[in-house]
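Chemist: Please see the structure below; I have some questions.
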Amino acid sequence: MFNLHLTAEQIEFRDTVRSFAMNEIRPVAIHPERLESFDKPLLRVLLDKASELGLRTLTLSEESGGVGADTMTSCIVFEELAAGDVDIAIMLGQTSLLGDLLFDSWMENDQKVSFLPQFIEDETFHLSCAGGIPEILNSWCYHGNLHEKPKAGLTAVREGNEWIIDGSVSYVANAPIAELFIVMAETGSNGTGADGTIGLLVSRNTPGFTINASKNAVGESDINWRHGCGTGVEFNSCKVPLENQICKHENTLVIGEHYSRQISLQTAAINLGLGRAAFDAAVEYAKIRRQGGRNIVEHQAIGKKIADMAIKLELASTIIWKAAWVADHPEVVADRSVSDLPQHTIASIFTAEAVHEVTLIAAECFGAMGVMRDMPVQKYVNDGFMFLHSDINDITTRLPIAEKVVNYRRSKAA
């Protein structure tokens, strides 16, 4: 049956990350210079410190040198990290999940020998994916129909023992910090993939590969409405050796449903961490703000707001944990112990709506101060809006739930 008892290892992970997030990350993350929604300095020093805790290789298998954490542990850890700063959690989550996918599923043994040691030993070694990003990885991106191919896609032409890549991608998550890129390029009839695409590994300093400068200023057309960090990349006759091609003997780059659930749940957990940060800020303020001769936390109206926030966060935590437990124990769906509805989708949608409401209520506790640019709650509201309107929480994400209920399957043309 569903067990809420965490293992000793999970509790140790949770407490360690919680202490680090509260004592080191949050004080820096809410500094006024980082509260500008579109121009946030990258906390690279803290990102590297978080990597030293093993969070960069959290989901990588133990055989490959990682922690080998299951979905439940991953959700616990990234929730705590996001309570300190959402952007650090998103960046580490991207590298963690891509590392699991790349080193445990896509790479051949000789490729692991070339790339895995550096990934394990270098705490600053991050991963990114550019080009025709697999749909499952879109959960880290916001605002835009990412199911459509970029206007200027990537193409690869084989010449002798090399692939020549040309083209550009307007936004690539983790690009400013990544050392290794998974590049999805179209090759037409030369491609090994069923859709004429191949996956190539491109190092950051490869000649012909350019990572554009970040553009986050208000008023620019490519303003950053995303968490984490990212920017555009360009390929100009970029030469990549044949041995850098991944999944050479597969019809396509296979991504199982397990990764879909894991990514959705990690995102939901990070979203929940954001809600906790907003809740903490509101409670701390309510304890010190005095009105009518007493602290406002003693007023009934504020008490109701705090209770409402606590209820929403508790319910979101419960559905995330349930969905994570189901993801780690798929047999409970097979034997009908739980419904076959997509629990990870339910958790993601519910959490996005709940946290959005929590951030707004938290802002109300601050009164007029809640909208001031030097107050952290305005950032929490903005971050909550991004999660609410992300690509994994729109109406098309909800439709599979209804289709499962009524036993209806859309045609491929739909």
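Identifiers in the structure tokens: chain A, B, ... in order shown; residue index from 1 per chain; ligand index from 1 in order shown.
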For Val17 (chain A), find every residue with an atom within 10 Å (counting only C-alpha atoms), except residues of its own chain fewer than 3 positions away, and show them as JSON, numbers by chain.
Modeler: {"A": [11, 12, 13, 14, 20, 21, 22, 23, 50, 53, 55, 76, 77, 78, 79, 80, 81, 82, 83, 84]}
Chemist: Neighbours of region 98-115 of chain A within 7 Å (only C-alpha atoms; same-chain residues fewer than 2 positions away dropped), as a PyMOL selection string?
Modeler: chain A and resi 59-61+94-96+117-119+127+246-247
Chemist: Measure the distance from CA of Gly384 (chain A) to CA of Thr71 (chain A) in Å and round it to one decimal.
Modeler: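 Going from CA of Gly384 (chain A) over to CA of Thr71 (chain A) covers 22.9 Å.
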Chemist: Please report the interatomic distance between CA of Ile349 (chain A) and CA of Met72 (chain A) in Å with one decimal.
Modeler: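 If I compute the distance from CA of Ile349 (chain A) to CA of Met72 (chain A), I get 17.9 Å.
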Chemist: If you count only C-alpha atoms, which residues fall within 9 Å of Leu47 (chain A), apart from same-chain ones fewer than 6 positions away, as a short mmCIF file (atom, residue, chain, number, x, y, z; two decimals) with all heavy atoms, in the first residue's frame?
Modeler:
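And here's out07.cif as it stands now:
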```cif
data_model
loop_
_atom_site.label_atom_id
_atom_site.label_comp_id
_atom_site.auth_asym_id
_atom_site.auth_seq_id
_atom_site.Cartn_x
_atom_site.Cartn_y
_atom_site.Cartn_z
N ILE A 88 17.88 27.73 -10.01
CA ILE A 88 18.92 26.73 -9.75
C ILE A 88 18.33 25.33 -9.87
O ILE A 88 18.95 24.42 -10.44
CB ILE A 88 19.54 26.95 -8.36
CG1 ILE A 88 20.41 28.20 -8.37
CG2 ILE A 88 20.37 25.74 -7.93
CD1 ILE A 88 21.08 28.51 -7.05
N ALA A 89 17.13 25.14 -9.35
CA ALA A 89 16.48 23.82 -9.42
C ALA A 89 16.21 23.42 -10.86
O ALA A 89 16.42 22.26 -11.25
CB ALA A 89 15.17 23.84 -8.62
N MET A 91 17.81 24.42 -13.62
CA MET A 91 19.06 24.15 -14.33
C MET A 91 19.64 22.79 -13.94
O MET A 91 20.05 22.01 -14.80
CB MET A 91 20.07 25.27 -14.04
CG MET A 91 19.73 26.59 -14.73
SD MET A 91 20.99 27.88 -14.48
CE MET A 91 20.63 28.40 -12.81
N LEU A 92 19.66 22.49 -12.66
CA LEU A 92 20.17 21.20 -12.22
C LEU A 92 19.25 20.06 -12.65
O LEU A 92 19.70 18.97 -12.99
CB LEU A 92 20.33 21.19 -10.70
CG LEU A 92 21.57 21.89 -10.16
CD1 LEU A 92 21.53 21.97 -8.64
CD2 LEU A 92 22.84 21.17 -10.60
N THR A 124 31.06 21.44 -12.68
CA THR A 124 30.52 22.52 -13.52
C THR A 124 30.06 22.03 -14.88
O THR A 124 29.69 22.82 -15.74
CB THR A 124 31.58 23.62 -13.71
OG1 THR A 124 32.68 23.11 -14.48
CG2 THR A 124 32.11 24.11 -12.37
#
```
Chemist: What residues in region 178-375 of chain A get the DSSP label strand (DSSP E)? Please answer as a ChimeraX atom specification.
Modeler: /A:178-186,197-203,209-211,230-241,245-246,290-291,294-295
Chemist: Which residue is closest to Ala354 (chain A)? Choose from A:Lys322, A:Val381, A:Ala316, A:Asp335 and count only C-alpha atoms.
Modeler: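 Looking at the shortest contact to Ala354 (chain A), the residue is A:Ala316.
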Chemist: For Gly199 (chain A), find every residue with an atom within 9 Å (counting only C-alpha atoms), except residues of its own chain fewer than 5 positions away, and show them as a ChimeraX atom specification.
Modeler: /A:182-185,193,244-248,253
Chemist: Taking only region 179-397 of chain A into account, list the residues labelled alpha helix (DSSP H) by DSSP (computed from the backbone), as a ChimeraX atom specification.
Modeler: /A:257-288,300-328,331-334,343-365,376-388,395-397
Chemist: How many Å separate CA of Glu234 (chain A) from CA of Thr210 (chain A)?
Modeler: 5.1 Å
Chemist: Which residues are close to Ala324 (chain A), i.e. within 12 Å by only C-alpha atoms, leaving aside same-chain residues fewer than 6 positions away? Reply as an NGL selection string.
Modeler: :A and (2-4 or 69-76 or 258-269 or 317-318 or 330 or 342-348)
Chemist: Keeping C-alpha atoms for every residue in the selection just given, could you write it to a file as a compact mmCIF listing (two decimals), in the first residue's frame?
Modeler:
```txt
# COMPACT_ATOMS: atom_id res chain seq x y z
CA PHE A 2 0.99 3.65 -0.35
CA ASN A 3 3.62 4.35 2.30
CA LEU A 4 4.40 7.86 3.53
CA ALA A 69 17.59 8.26 -7.12
CA ASP A 70 14.05 7.12 -7.83
CA THR A 71 11.23 9.47 -8.79
CA MET A 72 10.05 10.01 -5.22
CA THR A 73 13.52 10.97 -3.99
CA SER A 74 14.01 13.25 -6.98
CA CYS A 75 10.76 15.08 -6.21
CA ILE A 76 11.67 15.49 -2.54
CA HIS A 258 9.17 6.69 -17.46
CA TYR A 259 11.06 9.82 -18.48
CA SER A 260 7.82 11.62 -19.27
CA ARG A 261 6.49 10.96 -15.78
CA GLN A 262 9.80 11.84 -14.16
CA ILE A 263 10.11 15.20 -15.91
CA SER A 264 6.50 16.18 -15.23
CA LEU A 265 6.81 15.27 -11.57
CA GLN A 266 10.14 17.02 -11.09
CA THR A 267 8.63 20.16 -12.58
CA ALA A 268 5.63 19.87 -10.27
CA ALA A 269 7.94 19.42 -7.29
CA SER A 317 2.38 17.73 -1.91
CA THR A 318 0.11 14.73 -1.41
CA PRO A 330 3.93 0.72 -11.94
CA PRO A 342 -2.00 9.80 -15.83
CA GLN A 343 -1.16 10.65 -12.23
CA HIS A 344 1.87 12.75 -13.21
CA THR A 345 -0.29 14.98 -15.42
CA ILE A 346 -2.88 15.39 -12.67
CA ALA A 347 -0.15 16.32 -10.19
CA SER A 348 1.42 18.84 -12.57
```
Chemist: Would you mind telling me which residue in A:His389, A:Lys312, A:His31, A:Lys239 lies nearest to Arg373 (chain A) when using only C-alpha atoms?
Modeler: A:His31
Chemist: Can you tell me, as a list in words, what residues are no more than 9 Å from Asp308 (chain A) when counting only C-alpha atoms, ignoring any on the same chain fewer than 4 positions away?
Modeler: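 Once the nearby chain positions are removed, what remains is Gly303, Lys304, Lys312, Leu313, Val358 and Ile361 of chain A.
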